[in-house]
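A.B. asks: Handing over model18.txt, compact mmCIF, C-alpha atoms and all ligand atoms.
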# COMPACT_ATOMS: atom_id res chain seq x y z
CA MET A 1 12.01 -6.57 -17.83
CA ASP A 2 15.02 -4.44 -18.82
CA ASP A 3 18.60 -5.31 -17.87
CA LEU A 4 18.62 -3.16 -14.73
CA SER A 5 15.28 -4.54 -13.55
CA ALA A 6 16.50 -8.07 -14.13
CA ALA A 7 19.64 -7.25 -12.14
CA VAL A 8 17.51 -5.81 -9.30
CA ALA A 9 15.40 -8.92 -9.17
CA ALA A 10 18.32 -11.34 -9.43
CA THR A 11 21.00 -9.85 -7.16
CA PRO A 12 21.45 -12.22 -4.18
CA LEU A 13 20.53 -10.04 -1.23
CA PRO A 14 18.40 -10.18 1.90
CA GLU A 15 14.84 -9.68 0.79
CA LEU A 16 12.08 -7.99 2.75
CA ASN A 17 8.61 -9.12 1.77
CA LEU A 18 6.20 -6.18 1.98
CA ARG A 19 3.62 -7.63 -0.38
CA ARG A 20 -0.04 -6.75 0.34
CA LEU A 21 0.91 -4.28 3.06
CA LEU A 22 -0.67 -0.89 2.58
CA CYS A 23 0.86 2.47 3.33
CA PRO A 24 2.42 3.20 5.80
CA LEU A 25 3.09 -0.41 6.87
CA PRO A 26 5.81 -0.99 4.23
CA VAL A 27 7.79 1.93 5.65
CA ILE A 28 7.18 0.80 9.25
CA ARG A 29 8.36 -2.74 8.50
CA LEU A 30 11.37 -1.44 6.57
CA GLU A 31 12.41 0.83 9.46
CA GLN A 32 12.01 -2.07 11.90
CA TYR A 33 14.06 -4.36 9.66
CA VAL A 34 16.89 -1.89 9.20
CA ALA A 35 17.01 -1.20 12.96
CA ALA A 36 17.12 -4.93 13.75
CA HIS A 37 19.78 -5.79 11.12
CA PRO A 38 22.69 -3.37 11.49
CA GLU A 39 24.88 -5.78 9.51
CA VAL A 40 22.80 -5.42 6.34
CA THR A 41 24.18 -2.84 3.92
CA GLN A 42 22.01 -3.62 0.92
CA LEU A 43 18.62 -5.20 0.69
CA ARG A 44 15.81 -5.79 -1.72
CA VAL A 45 12.25 -4.91 -0.75
CA VAL A 46 9.27 -6.27 -2.62
CA ALA A 47 5.94 -4.50 -2.23
CA THR A 48 2.59 -4.27 -3.99
CA ASP A 49 1.26 -0.90 -2.79
CA PRO A 50 2.26 1.62 -5.48
CA GLY A 51 2.66 4.25 -2.73
CA VAL A 52 6.05 2.71 -1.92
CA LYS A 53 7.43 4.29 -5.08
CA HIS A 54 7.12 7.65 -3.29
CA ASP A 55 7.41 6.67 0.31
CA ILE A 56 10.43 4.38 0.43
CA PRO A 57 12.75 6.78 -1.44
CA VAL A 58 11.60 9.64 0.85
CA TRP A 59 12.10 7.53 3.95
CA CYS A 60 15.54 6.49 2.68
CA ARG A 61 16.55 10.06 1.95
CA MET A 62 15.59 11.31 5.40
CA ASN A 63 17.47 8.46 7.06
CA GLY A 64 20.64 8.60 4.98
CA HIS A 65 19.89 5.56 2.82
CA ARG A 66 19.29 5.40 -0.92
CA VAL A 67 17.16 3.50 -3.40
CA ILE A 68 19.70 2.47 -6.03
CA ALA A 69 17.37 0.63 -8.38
CA LEU A 70 13.66 0.16 -8.83
CA SER A 71 11.75 -2.20 -11.03
CA GLU A 72 8.13 -3.14 -11.48
CA ALA A 73 6.70 -6.36 -12.82
CA ASP A 74 3.47 -8.31 -12.35
CA GLY A 75 2.09 -5.79 -9.87
CA GLU A 76 5.20 -6.00 -7.68
CA ILE A 77 7.54 -3.12 -7.01
CA ILE A 78 11.09 -4.13 -6.22
CA GLN A 79 13.54 -1.65 -4.77
CA LEU A 80 17.21 -2.19 -4.08
CA ILE A 81 18.28 -0.17 -1.07
CA GLN A 82 21.75 0.92 -0.05
CA ILE A 83 21.77 1.36 3.72
CA GLY A 84 23.71 4.33 5.08
CA SER A 85 24.75 5.55 1.68
CA LEU A 86 25.20 9.21 2.59
CA MET B 1 45.96 35.82 28.47
CA ASN B 2 47.25 33.24 26.09
CA GLU B 3 45.26 31.79 23.21
CA SER B 4 44.19 28.61 24.97
CA GLU B 5 42.86 30.57 27.98
CA THR B 6 40.85 32.77 25.61
CA ALA B 7 39.39 29.70 23.99
CA LYS B 8 38.42 28.30 27.42
CA ASN B 9 36.50 31.45 28.28
CA ILE B 10 34.38 31.42 25.16
CA PRO B 11 31.24 29.45 25.98
CA GLU B 12 30.60 26.46 23.76
CA PRO B 13 27.73 27.24 21.42
CA ALA B 14 24.69 25.63 23.03
CA ALA B 15 23.59 22.48 21.25
CA PRO B 16 20.16 23.12 19.78
CA ARG B 17 17.30 21.96 21.94
CA ARG B 18 15.52 18.97 20.47
CA ALA B 19 11.79 18.63 20.07
CA VAL B 20 9.70 15.79 18.80
CA ALA B 21 6.62 16.77 16.81
CA LEU B 22 3.46 14.77 16.33
CA ILE B 23 3.07 14.86 12.56
CA SER B 24 -0.39 14.11 11.28
CA GLY B 25 0.31 15.00 7.68
CA GLY B 26 -2.00 18.02 7.80
CA LEU B 27 -1.14 21.68 7.61
CA ASP B 28 -1.22 22.46 11.33
CA SER B 29 1.59 20.16 12.41
CA MET B 30 3.59 21.32 9.39
CA LEU B 31 3.27 24.95 10.54
CA ALA B 32 3.94 24.12 14.19
CA VAL B 33 7.26 22.49 13.24
CA ARG B 34 8.31 25.38 11.03
CA VAL B 35 7.55 27.88 13.83
CA MET B 36 9.86 25.93 16.12
CA GLN B 37 12.54 25.50 13.48
CA GLN B 38 12.53 29.27 13.09
CA GLN B 39 13.41 29.50 16.77
CA GLY B 40 16.44 27.29 16.21
CA ILE B 41 14.93 24.09 17.56
CA TYR B 42 16.02 20.75 16.07
CA VAL B 43 12.88 18.76 15.31
CA GLU B 44 12.13 15.14 14.48
CA GLY B 45 8.64 13.90 13.78
CA ILE B 46 6.63 10.93 14.93
CA ASN B 47 3.46 9.60 13.42
CA PHE B 48 1.47 6.84 15.08
CA TYR B 49 -0.15 4.23 12.89
CA THR B 50 -3.32 2.93 14.52
CA GLY B 51 -4.68 1.11 11.46
CA PHE B 52 -7.45 3.69 11.11
CA CYS B 53 -5.32 6.48 9.71
CA VAL B 54 -6.62 8.11 6.58
CA GLU B 55 -3.86 7.38 4.20
CA GLY B 56 -3.73 6.41 0.58
CA HIS B 57 -5.32 3.01 1.25
CA THR B 58 -8.46 3.60 -0.66
CA GLN B 59 -6.56 5.09 -3.55
CA ALA B 60 -3.96 2.35 -3.39
CA ILE B 61 -6.65 -0.29 -3.58
CA ARG B 62 -9.03 1.30 -6.04
CA THR B 63 -8.25 1.29 -9.71
CA SER B 64 -8.51 5.05 -10.21
CA GLY B 65 -6.42 7.78 -8.58
CA GLY B 66 -3.36 9.72 -9.65
CA SER B 67 0.01 8.59 -8.36
CA ASP B 68 0.56 11.86 -6.48
CA GLU B 69 -2.40 11.09 -4.23
CA LYS B 70 -0.79 7.90 -3.03
CA ARG B 71 2.07 9.49 -1.14
CA ASN B 72 2.06 9.19 2.62
CA SER B 73 1.21 12.70 3.76
CA ALA B 74 3.14 12.56 7.04
CA LEU B 75 6.30 11.48 5.22
CA TRP B 76 5.71 14.12 2.60
CA VAL B 77 5.30 16.84 5.24
CA ALA B 78 8.47 15.72 7.02
CA ASP B 79 10.33 15.80 3.73
CA GLN B 80 9.13 19.35 3.04
CA LEU B 81 10.30 20.40 6.49
CA GLY B 82 13.64 18.64 6.16
CA ILE B 83 13.10 16.55 9.30
CA ARG B 84 13.29 12.84 10.06
CA LEU B 85 10.01 11.07 10.60
CA HIS B 86 9.44 7.91 12.61
CA ILE B 87 6.21 6.12 11.77
CA ILE B 88 5.38 3.94 14.74
CA ASP B 89 3.10 0.92 14.72
CA VAL B 90 0.64 1.24 17.62
CA ILE B 91 -2.04 -1.06 16.22
CA GLU B 92 -2.14 -3.35 19.28
CA ALA B 93 -1.62 -0.67 21.91
CA TYR B 94 -4.44 1.41 20.43
CA LYS B 95 -7.11 -1.25 20.79
CA PRO B 96 -8.11 -0.46 24.40
CA VAL B 97 -8.33 3.22 23.48
CA LEU B 98 -10.92 2.55 20.84
CA LEU B 99 -12.70 -0.34 22.51
CA ALA B 100 -13.24 1.36 25.88
CA PRO B 101 -12.49 5.08 25.76
CA ARG B 102 -12.71 6.67 29.22
CA HIS B 103 -13.91 9.95 27.78
CA GLY B 104 -16.32 8.45 25.27
CA TYR B 105 -16.67 8.93 21.55
CA GLY B 106 -17.16 11.96 19.34
CA SER B 107 -19.96 12.07 16.81
CA ASN B 108 -18.89 8.70 15.39
CA LEU B 109 -16.54 6.07 16.80
CA ASN B 110 -13.74 8.59 17.21
CA PRO B 111 -12.40 8.56 20.79
CA CYS B 112 -10.51 11.81 20.17
CA LEU B 113 -9.75 12.85 23.73
CA ASP B 114 -8.47 9.40 24.76
CA CYS B 115 -6.66 9.15 21.46
CA LYS B 116 -4.78 12.42 21.99
CA ILE B 117 -3.88 11.38 25.53
CA PHE B 118 -2.67 8.01 24.26
CA MET B 119 -0.57 9.54 21.51
CA LEU B 120 1.00 12.10 23.79
CA LYS B 121 1.84 9.42 26.34
CA LYS B 122 3.51 7.45 23.57
CA ALA B 123 5.30 10.59 22.43
CA LYS B 124 6.51 11.12 25.99
CA GLU B 125 7.89 7.59 26.09
CA TRP B 126 9.67 8.26 22.80
CA LEU B 127 11.02 11.58 24.07
CA GLU B 128 12.44 9.94 27.18
CA ALA B 129 13.91 7.01 25.27
CA ASN B 130 15.59 9.28 22.74
CA GLY B 131 16.74 12.14 24.96
CA PHE B 132 14.63 14.89 23.42
CA ASP B 133 13.64 18.02 25.35
CA PHE B 134 9.99 18.70 24.60
CA ILE B 135 6.99 17.86 22.42
CA ILE B 136 5.27 19.92 19.72
CA THR B 137 1.77 19.48 18.37
CA GLY B 138 -0.16 21.44 15.79
CA GLU B 139 -3.27 21.66 17.99
CA VAL B 140 -5.25 24.87 17.82
CA VAL B 141 -7.48 25.99 20.69
CA GLY B 142 -11.17 25.62 19.83
CA GLN B 143 -10.59 24.02 16.47
CA ARG B 144 -12.35 20.72 17.06
CA PRO B 145 -15.19 20.53 19.52
CA MET B 146 -14.14 17.40 21.36
CA SER B 147 -10.44 17.56 21.91
CA GLN B 148 -9.26 21.06 21.25
CA LEU B 149 -11.14 23.36 23.61
CA ALA B 150 -8.68 25.19 25.85
CA ALA B 151 -10.00 23.26 28.88
CA LYS B 152 -9.60 19.96 27.03
CA LEU B 153 -6.09 20.84 25.96
CA ARG B 154 -5.28 21.39 29.64
CA ILE B 155 -6.86 18.03 30.56
CA ILE B 156 -4.70 16.41 27.91
CA SER B 157 -1.56 18.08 29.24
CA LYS B 158 -2.40 17.06 32.82
CA LYS B 159 -3.38 13.47 32.07
CA THR B 160 -0.21 12.89 30.13
CA GLU B 161 1.85 14.61 32.83
CA LEU B 162 3.27 16.70 30.07
CA GLU B 163 1.95 20.04 31.18
CA ASP B 164 5.32 21.69 31.08
CA LEU B 165 6.82 19.93 28.11
CA LEU B 166 4.04 20.24 25.58
CA VAL B 167 4.23 23.22 23.25
CA ARG B 168 1.44 24.11 20.86
CA PRO B 169 3.12 26.81 18.80
CA LEU B 170 -0.01 27.80 16.88
CA SER B 171 -2.03 28.60 20.03
CA GLY B 172 0.80 29.04 22.55
CA LYS B 173 -0.19 32.59 23.45
CA HIS B 174 -3.57 31.36 24.73
CA LEU B 175 -2.02 28.66 26.89
CA PRO B 176 0.01 28.70 30.11
CA GLU B 177 3.74 29.20 29.83
CA THR B 178 5.72 26.01 29.38
CA LEU B 179 9.20 24.93 30.48
CA PRO B 180 10.82 25.61 27.09
CA GLU B 181 9.59 29.21 27.35
CA ARG B 182 10.69 29.69 30.96
CA GLU B 183 14.10 28.20 30.20
CA GLY B 184 14.48 30.51 27.21
CA TRP B 185 14.75 27.64 24.71
CA ILE B 186 11.89 29.23 22.79
CA LYS B 187 10.37 32.70 22.86
CA ARG B 188 6.70 33.16 23.71
CA GLU B 189 6.47 36.15 21.40
CA GLY B 190 7.37 33.87 18.52
CA LEU B 191 4.33 31.67 19.22
CA TYR B 192 0.91 32.31 17.68
CA ASP B 193 -2.56 33.03 19.03
CA PHE B 194 -4.70 31.04 16.63
CA ASN B 195 -8.10 30.20 18.02
CA GLY B 196 -11.26 28.63 16.64
CA ARG B 197 -12.27 26.90 13.48
CA SER B 198 -11.28 29.45 10.87
CA ARG B 199 -8.47 28.16 8.67
CA LYS B 200 -7.54 31.59 7.36
CA PRO B 201 -4.68 32.30 9.82
CA GLN B 202 -3.10 28.92 9.06
CA ILE B 203 -3.36 29.44 5.33
CA ALA B 204 -1.88 32.93 5.63
CA LEU B 205 1.00 31.56 7.73
CA ALA B 206 1.57 28.74 5.24
CA ARG B 207 1.86 31.31 2.47
CA ALA B 208 4.20 33.44 4.59
CA PHE B 209 6.41 30.36 5.07
CA GLY B 210 6.38 29.76 1.33
CA PHE B 211 4.42 26.50 1.48
CA SER B 212 2.36 26.09 -1.66
CA ASP B 213 1.04 22.58 -1.12
CA TRP B 214 -0.40 20.82 1.90
CA SER B 215 -2.95 18.17 2.79
CA THR B 216 -6.60 19.12 3.05
CA PRO B 217 -7.00 21.60 5.90
CA ALA B 218 -9.00 20.25 8.83
CA GLY B 219 -9.21 16.83 7.17
CA GLY B 220 -9.95 14.14 9.75
CA CYS B 221 -6.98 12.18 10.99
CA CYS B 222 -8.72 8.85 10.81
CA PHE B 223 -11.56 6.74 9.50
CA LEU B 224 -13.18 6.70 12.94
CA THR B 225 -14.66 10.12 12.28
CA ASP B 226 -16.41 8.75 9.21
CA GLU B 227 -20.05 7.85 9.70
CA ASN B 228 -20.12 5.03 7.14
CA TYR B 229 -16.93 3.50 8.45
CA SER B 230 -18.15 3.69 12.05
CA ARG B 231 -21.40 1.99 11.08
CA LYS B 232 -19.45 -0.89 9.52
CA LEU B 233 -17.29 -1.19 12.61
CA ARG B 234 -20.34 -1.30 14.89
CA ASP B 235 -21.87 -3.95 12.63
CA LEU B 236 -18.68 -6.00 12.90
CA TRP B 237 -18.79 -5.89 16.69
CA GLN B 238 -22.46 -6.74 16.77
CA ALA B 239 -21.96 -9.71 14.43
CA GLN B 240 -19.03 -10.98 16.51
CA GLY B 241 -20.99 -10.54 19.73
CA GLU B 242 -18.07 -8.64 21.25
CA ARG B 243 -15.97 -5.57 20.69
CA ARG B 244 -12.65 -6.66 19.22
CA TYR B 245 -10.82 -6.36 15.92
CA GLU B 246 -7.72 -7.39 14.04
CA LEU B 247 -5.89 -5.33 11.45
CA ASP B 248 -7.39 -7.31 8.57
CA ASP B 249 -10.91 -6.60 9.87
CA ILE B 250 -10.42 -2.88 9.92
CA MET B 251 -8.66 -2.83 6.54
CA LEU B 252 -11.53 -4.73 4.96
CA LEU B 253 -14.02 -2.19 6.31
CA LYS B 254 -12.39 0.33 3.97
CA VAL B 255 -12.92 -1.80 0.90
CA GLY B 256 -15.95 -2.66 -1.21
CA ARG B 257 -19.69 -2.66 -0.72
CA HIS B 258 -20.79 -4.30 2.51
CA LEU B 259 -24.20 -5.99 2.67
CA ARG B 260 -25.63 -8.04 5.49
CA PRO B 261 -28.64 -9.95 4.17
CA LEU B 262 -28.85 -12.10 7.32
CA PRO B 263 -27.29 -11.79 10.75
CA GLU B 264 -25.09 -14.86 10.07
CA PHE B 265 -23.12 -13.44 7.18
CA LYS B 266 -21.98 -10.32 5.42
CA LEU B 267 -20.92 -9.90 1.80
CA LEU B 268 -17.97 -7.78 0.75
CA ILE B 269 -18.28 -6.95 -2.93
CA GLY B 270 -15.49 -5.23 -4.86
CA ARG B 271 -16.53 -2.00 -6.54
CA ASP B 272 -13.84 -2.08 -9.21
CA GLU B 273 -10.99 -4.21 -10.41
CA GLY B 274 -8.57 -2.80 -7.85
CA GLU B 275 -10.87 -3.69 -4.96
CA SER B 276 -11.56 -7.13 -6.41
CA ASN B 277 -7.82 -7.78 -6.64
CA PHE B 278 -7.43 -6.68 -3.04
CA LEU B 279 -10.30 -8.88 -1.87
CA TYR B 280 -8.89 -11.79 -3.85
CA GLY B 281 -5.87 -11.63 -1.58
CA TYR B 282 -8.19 -12.77 1.25
CA ARG B 283 -9.56 -15.80 -0.59
CA LYS B 284 -7.95 -18.21 1.88
CA GLN B 285 -9.70 -16.57 4.83
CA PHE B 286 -13.23 -16.26 3.42
CA ILE B 287 -15.59 -18.19 1.19
CA THR B 288 -15.07 -16.43 -2.14
CA LEU B 289 -17.52 -15.96 -4.99
CA ASP B 290 -16.19 -15.22 -8.45
CA ILE B 291 -18.49 -14.54 -11.40
CA VAL B 292 -17.24 -16.68 -14.28
CA SER B 293 -19.87 -16.25 -16.99
CA HIS B 294 -19.64 -12.46 -17.03
CA ASN B 295 -17.38 -9.69 -15.88
CA GLY B 296 -18.02 -9.07 -12.24
CA PRO B 297 -16.46 -8.36 -8.89
CA ILE B 298 -15.01 -10.73 -6.34
CA THR B 299 -17.29 -11.25 -3.35
CA LEU B 300 -16.16 -12.46 0.06
CA ILE B 301 -18.58 -14.07 2.50
CA ASP B 302 -17.80 -13.13 6.09
CA GLY B 303 -19.75 -15.49 8.34
CA THR B 304 -21.50 -18.81 7.93
CA VAL B 305 -23.75 -19.97 5.11
CA ASP B 306 -25.69 -23.12 4.29
CA ALA B 307 -26.82 -24.24 0.83
CA THR B 308 -29.81 -21.87 0.83
CA THR B 309 -28.00 -18.80 2.06
CA LEU B 310 -25.01 -19.51 -0.20
CA HIS B 311 -27.45 -19.48 -3.10
CA LEU B 312 -28.81 -16.12 -1.93
CA ALA B 313 -25.26 -14.77 -1.59
CA ALA B 314 -24.44 -15.89 -5.14
CA ARG B 315 -27.61 -14.23 -6.47
CA ILE B 316 -26.64 -10.97 -4.77
CA ALA B 317 -23.08 -11.20 -6.11
CA ALA B 318 -24.51 -11.78 -9.60
CA ARG B 319 -26.66 -8.67 -9.15
CA TYR B 320 -23.45 -6.60 -9.09
CA SER B 321 -21.95 -8.27 -12.18
CA GLN B 322 -22.38 -7.38 -15.81
CA GLY B 323 -24.75 -10.32 -15.98
CA HIS B 324 -27.29 -8.63 -13.72
CA ALA B 325 -29.90 -8.55 -16.51
CA SER B 326 -29.18 -12.12 -17.69
CA ASP B 327 -31.36 -15.13 -16.96
CA SER B 328 -28.49 -16.96 -15.39
CA VAL B 329 -25.02 -16.25 -14.13
CA VAL B 330 -22.35 -18.81 -13.30
CA VAL B 331 -20.64 -18.24 -9.97
CA ASN B 332 -17.54 -20.07 -8.81
CA VAL B 333 -17.53 -20.83 -5.08
CA ARG B 334 -14.19 -21.32 -3.35
CA ARG B 335 -14.44 -22.69 0.17
CA LEU B 336 -12.03 -22.31 3.04
CA ASP B 337 -10.59 -25.79 2.45
CA GLY B 338 -9.74 -24.75 -1.13
CA SER B 339 -12.45 -26.90 -2.74
CA GLU B 340 -14.37 -25.24 -5.55
CA SER B 341 -17.78 -25.69 -7.19
CA THR B 342 -20.01 -23.67 -9.45
CA LEU B 343 -23.53 -22.41 -9.00
CA MET B 344 -25.84 -21.24 -11.74
CA VAL B 345 -28.10 -18.50 -10.37
CA VAL B 346 -30.62 -15.91 -11.41
CA PRO B 347 -29.29 -12.50 -10.40
CA LEU B 348 -31.36 -10.96 -7.65
CA PRO B 349 -33.59 -8.25 -9.15
CA LYS B 350 -32.74 -4.73 -8.08
CA ASP B 351 -36.00 -4.26 -6.18
CA GLU B 352 -35.29 -7.36 -4.11
CA VAL B 353 -32.01 -5.98 -2.76
CA ASN B 354 -33.26 -4.74 0.59
CA PRO B 355 -31.75 -1.28 1.34
CA ALA B 356 -31.55 -2.35 4.99
CA TRP B 357 -28.86 -4.89 3.97
CA MET B 358 -26.44 -2.10 3.09
CA ILE B 359 -24.03 -1.42 5.91
S1 LIG A 401 -9.75 11.87 14.56
FE1 LIG A 401 -8.98 9.80 14.98
S2 LIG A 401 -6.72 9.96 15.07
FE2 LIG A 401 -7.60 12.05 15.25
S3 LIG A 401 -7.76 12.39 17.47
FE3 LIG A 401 -9.75 11.63 16.78
S4 LIG A 401 -9.64 9.42 17.07
FE4 LIG A 401 -7.53 10.18 17.14
Rewrite the structure from the file as structure tokens, please.
Ligand code: SF4
C.D. replies:
Amino acid sequence: MDDLSAAVAATPLPELNLRRLLCPLPVIRLEQYVAAHPEVTQLRVVATDPGVKHDIPVWCRMNGHRVIALSEADGEIIQLIQIGSL
Amino acid sequence: MNESETAKNIPEPAAPRRAVALISGGLDSMLAVRVMQQQGIYVEGINFYTGFCVEGHTQAIRTSGGSDEKRNSALWVADQLGIRLHIIDVIEAYKPVLLAPRHGYGSNLNPCLDCKIFMLKKAKEWLEANGFDFIITGEVVGQRPMSQLAAKLRIISKKTELEDLLVRPLSGKHLPETLPEREGWIKREGLYDFNGRSRKPQIALARAFGFSDWSTPAGGCCFLTDENYSRKLRDLWQAQGERRYELDDIMLLKVGRHLRPLPEFKLLIGRDEGESNFLYGYRKQFITLDIVSHNGPITLIDGTVDATTLHLAARIAARYSQGHASDSVVVNVRRLDGSESTLMVVPLPKDEVNPAWMI
């Protein structure tokens, strides 16, 4: 793991567990989470479907959010998301 | 007339009318949205996730497959069009549509007419909840035999009570005038007259719009149109003795080889490492066989086995391992309570694998 990846994994943030969910469920669950938690400005999502590397950044872009860091280790993809970044 | 009076007399520019588009991820809905955007309509997309949607699941699970193939096509289309997309989970709500369709099935277990009605009703709910003005779909008259004949499109409009609010820009000229046309929100002459199964007009329009990439034209929207998948789903219902399903059931039907040697149980055998890893994730829900003496796939047993049938299952699993030509193969058995044991078995010879077992 590089420094950034370690930082992504270690930053104390709300974490959304999207492991084992297949496309498009990670995006559905993320949208539901963001809608239900207006107070959250940053969160970490952990998924195992490699499709999230495309889909979550696209979903973020079209909704005014941003993936600020991404790391991959042991088959898990971790993304740090800034909510309402635009 | 002073300046403020002048300003009062200038009408406010009308806020753009807002339409919600059903985005399947295919070319037709992509074109339908662009046609409306060209008429100044603000569009957002919705995509309903039933659990059966053809998405990158198989590629995501299987070991092979380029990363580009794994994108979600509806999201990708929305991104190309510069619109927001809402992917909505309708897994539970969809069950009655599939289990008891009022208008029956297509050539497989695809209840297309009921499905379209269901999705448009959901779209109408969304439209009302979000204050949008009308709905767009990429349907083309006569394109698919079951749901897209002009008469069927009218049934769909009527049943959803959407007759006036449903615009099909690609075939609009063949269909009755809608409210957005009468109100002047959109112009009928800007709609198209596509008709029938030929894809040429759509491809020409895509080129004219400058689109160079799109999902497979006329690709099915879901696994229910697939003969093999439908057979597995029927087998599941028959084995359960009733028509019902959970999300895990229908996901597992997409993965692995499925063999039913006896009515009491079915085997799910991974076809590559990716599938085995995926099946391994279900080891707490199924008796799991793992070949330990050789390389081989994970096998799940769905159903009930006794000592004799477990032995048969292990022999079949061994048949699909690299030890298939060996005299004996060691198979680890993990039971639902977590206890494990090993079996030493002779792999079942190829000619003893009954083709009728394959689902
Ligand atoms: S192919 Fe599937 S998703 Fe498409 S209309 Fe038919 S049943 Fe519905």
A.B. asks: Quick one: of B:Arg244, B:Arg18, B:Lys116, B:Lys254, who's nearest to chain A, counting all atoms listed in the file?
C.D. replies: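 Looking at the shortest contact to chain A, the residue is B:Lys254.
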A.B. asks: Measure the distance from CA of Arg17 (chain B) to CA of Leu75 (chain B) in Å and round it to one decimal.
C.D. replies: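 Value for the CA of Arg17 (chain B)-CA of Leu75 (chain B) distance: 22.6 Å.
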A.B. asks: Please, which residues have at least one atom within 7 Å of an atom of ligand LIG 401 (chain A), using only C-alpha atoms and all ligand atoms, listed as an NGL selection string?
C.D. replies: :B and (53 or 110-113 or 115-116 or 220-225)
A.B. asks: When you look at region 16-19 of chain A with a cut-off of 10 Å (counting all atoms listed in the file), what residues show up, excluding the ones that are within fewer than 2 positions of it in the same chain? I need them as a list of chain:residue names.
C.D. replies: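 Near neighbours after the sequence-gap exclusion: A:Leu13, A:Pro14, A:Leu21, A:Leu22, A:Leu25, A:Pro26, A:Val27, A:Arg29, A:Leu30, A:Tyr33, A:Leu43, A:Arg44, A:Val45, A:Val46, A:Ala47, A:Thr48, A:Asp49, A:Val52, A:Gly75, A:Glu76, A:Ile77, A:Ile78, A:Gln79.
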A.B. asks: Compile a residue-level contact table for chain A against chain B at a cut-off of 8 Å, reporting for every qualifying residue the shortest atom pair and its distance in Å to one decimal, with only C-alpha atoms counted, rows ordered by chain and ascending number, as a tab-separated table.
C.D. replies:
residue	atom	partner	partner_atom	distance
A:Arg20	CA	B:Gly281	CA	7.8
A:Leu22	CA	B:His57	CA	6.2
A:Cys23	CA	B:His57	CA	6.5
A:Pro24	CA	B:Asn72	CA	6.8
A:Leu25	CA	B:Asp89	CA	8.0
A:Val27	CA	B:Ile87	CA	7.6
A:Ile28	CA	B:Ile87	CA	6.0
A:Asp49	CA	B:Ala60	CA	6.2
A:Pro50	CA	B:Ala60	CA	6.6
A:Gly51	CA	B:Lys70	CA	5.0
A:Val52	CA	B:Arg71	CA	7.9
A:His54	CA	B:Arg71	CA	5.8
A:Asp55	CA	B:Arg71	CA	6.2
A:Val58	CA	B:Asp79	CA	6.9
A:Trp59	CA	B:Leu75	CA	7.1
A:Met62	CA	B:Arg84	CA	5.4
A:Asn63	CA	B:Arg84	CA	6.8
A.B. asks: State, in Å with one decimal place, the distance from CA of His311 (chain B) to CA of Tyr245 (chain B).
C.D. replies: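 About the pair CA of His311 (chain B) and CA of Tyr245 (chain B): they are 28.5 Å apart.
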A.B. asks: Quick one: residues within 9 Å of Arg257 (chain B), only C-alpha atoms counted, chain neighbours fewer than 6 positions away excluded, as a VMD selection string?
C.D. replies: chain B and resid 267 to 271 358 to 359
A.B. asks: At what distance in Å, to one decimal, does CA of Gln143 (chain B) lie from CA of Gly196 (chain B)?
C.D. replies: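 If I compute the distance from CA of Gly196 (chain B) to CA of Gln143 (chain B), I get 4.7 Å.
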A.B. asks: Can you list, as a compact mmCIF listing (two decimals) with C-alpha atoms, in the coordinates of the input, every protein, DNA or RNA residue that comes within 12 Å of region 181-183 of chain B when you count all atoms listed in the file, leaving out same-chain residues fewer than 5 positions away?
C.D. replies:
# COMPACT_ATOMS: atom_id res chain seq x y z
CA ARG B 17 17.30 21.96 21.94
CA MET B 36 9.86 25.93 16.12
CA GLN B 39 13.41 29.50 16.77
CA ASP B 133 13.64 18.02 25.35
CA PHE B 134 9.99 18.70 24.60
CA ASP B 164 5.32 21.69 31.08
CA LEU B 165 6.82 19.93 28.11
CA LEU B 166 4.04 20.24 25.58
CA VAL B 167 4.23 23.22 23.25
CA ARG B 168 1.44 24.11 20.86
CA PRO B 169 3.12 26.81 18.80
CA GLY B 172 0.80 29.04 22.55
CA LYS B 173 -0.19 32.59 23.45
CA LEU B 175 -2.02 28.66 26.89
CA PRO B 176 0.01 28.70 30.11
CA ARG B 188 6.70 33.16 23.71
CA GLU B 189 6.47 36.15 21.40
CA GLY B 190 7.37 33.87 18.52
CA LEU B 191 4.33 31.67 19.22
A.B. asks: Can you work out which one of B:Ile186, B:Leu252, B:Ala356, B:Val292 has the shortest atom-to-atom distance to Leu279 (chain B), counting only C-alpha atoms?
C.D. replies: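 Nearest to Leu279 (chain B): B:Leu252.
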A.B. asks: Under the rule that only C-alpha atoms are counted, which of B:Leu336, B:Ala239, B:Ala21, B:Leu289 is the nearest residue to Glu264 (chain B)?
C.D. replies: B:Ala239
A.B. asks: From the set A:Leu80, A:Lys53, A:Ile68, A:Arg61, which residue has the shortest atom-to-atom contact distance to Glu15 (chain A), counting only C-alpha atoms?
C.D. replies: A:Leu80
A.B. asks: B:Asp28, B:Asp114, B:Lys350, B:Ser215: which is nearest Val141 (chain B), counting all atoms listed in the file?
C.D. replies: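 Going through B:Asp28, B:Asp114, B:Lys350, B:Ser215 one by one, the smallest distance to Val141 (chain B) is for B:Asp28.
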A.B. asks: Nearest residue to Leu109 (chain B) out of B:Arg243, B:Arg231, B:His294, B:Lys266, using all atoms listed in the file?
C.D. replies: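 When distances to Leu109 (chain B) are compared using all atoms listed in the file, the smallest one comes from B:Arg231.
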A.B. asks: Pro347 (chain B): which residues within 8 Å, counting only C-alpha atoms, same-chain residues fewer than 3 positions away excluded, as a PyMOL selection string?
C.D. replies: chain B and resi 314-319+323-329
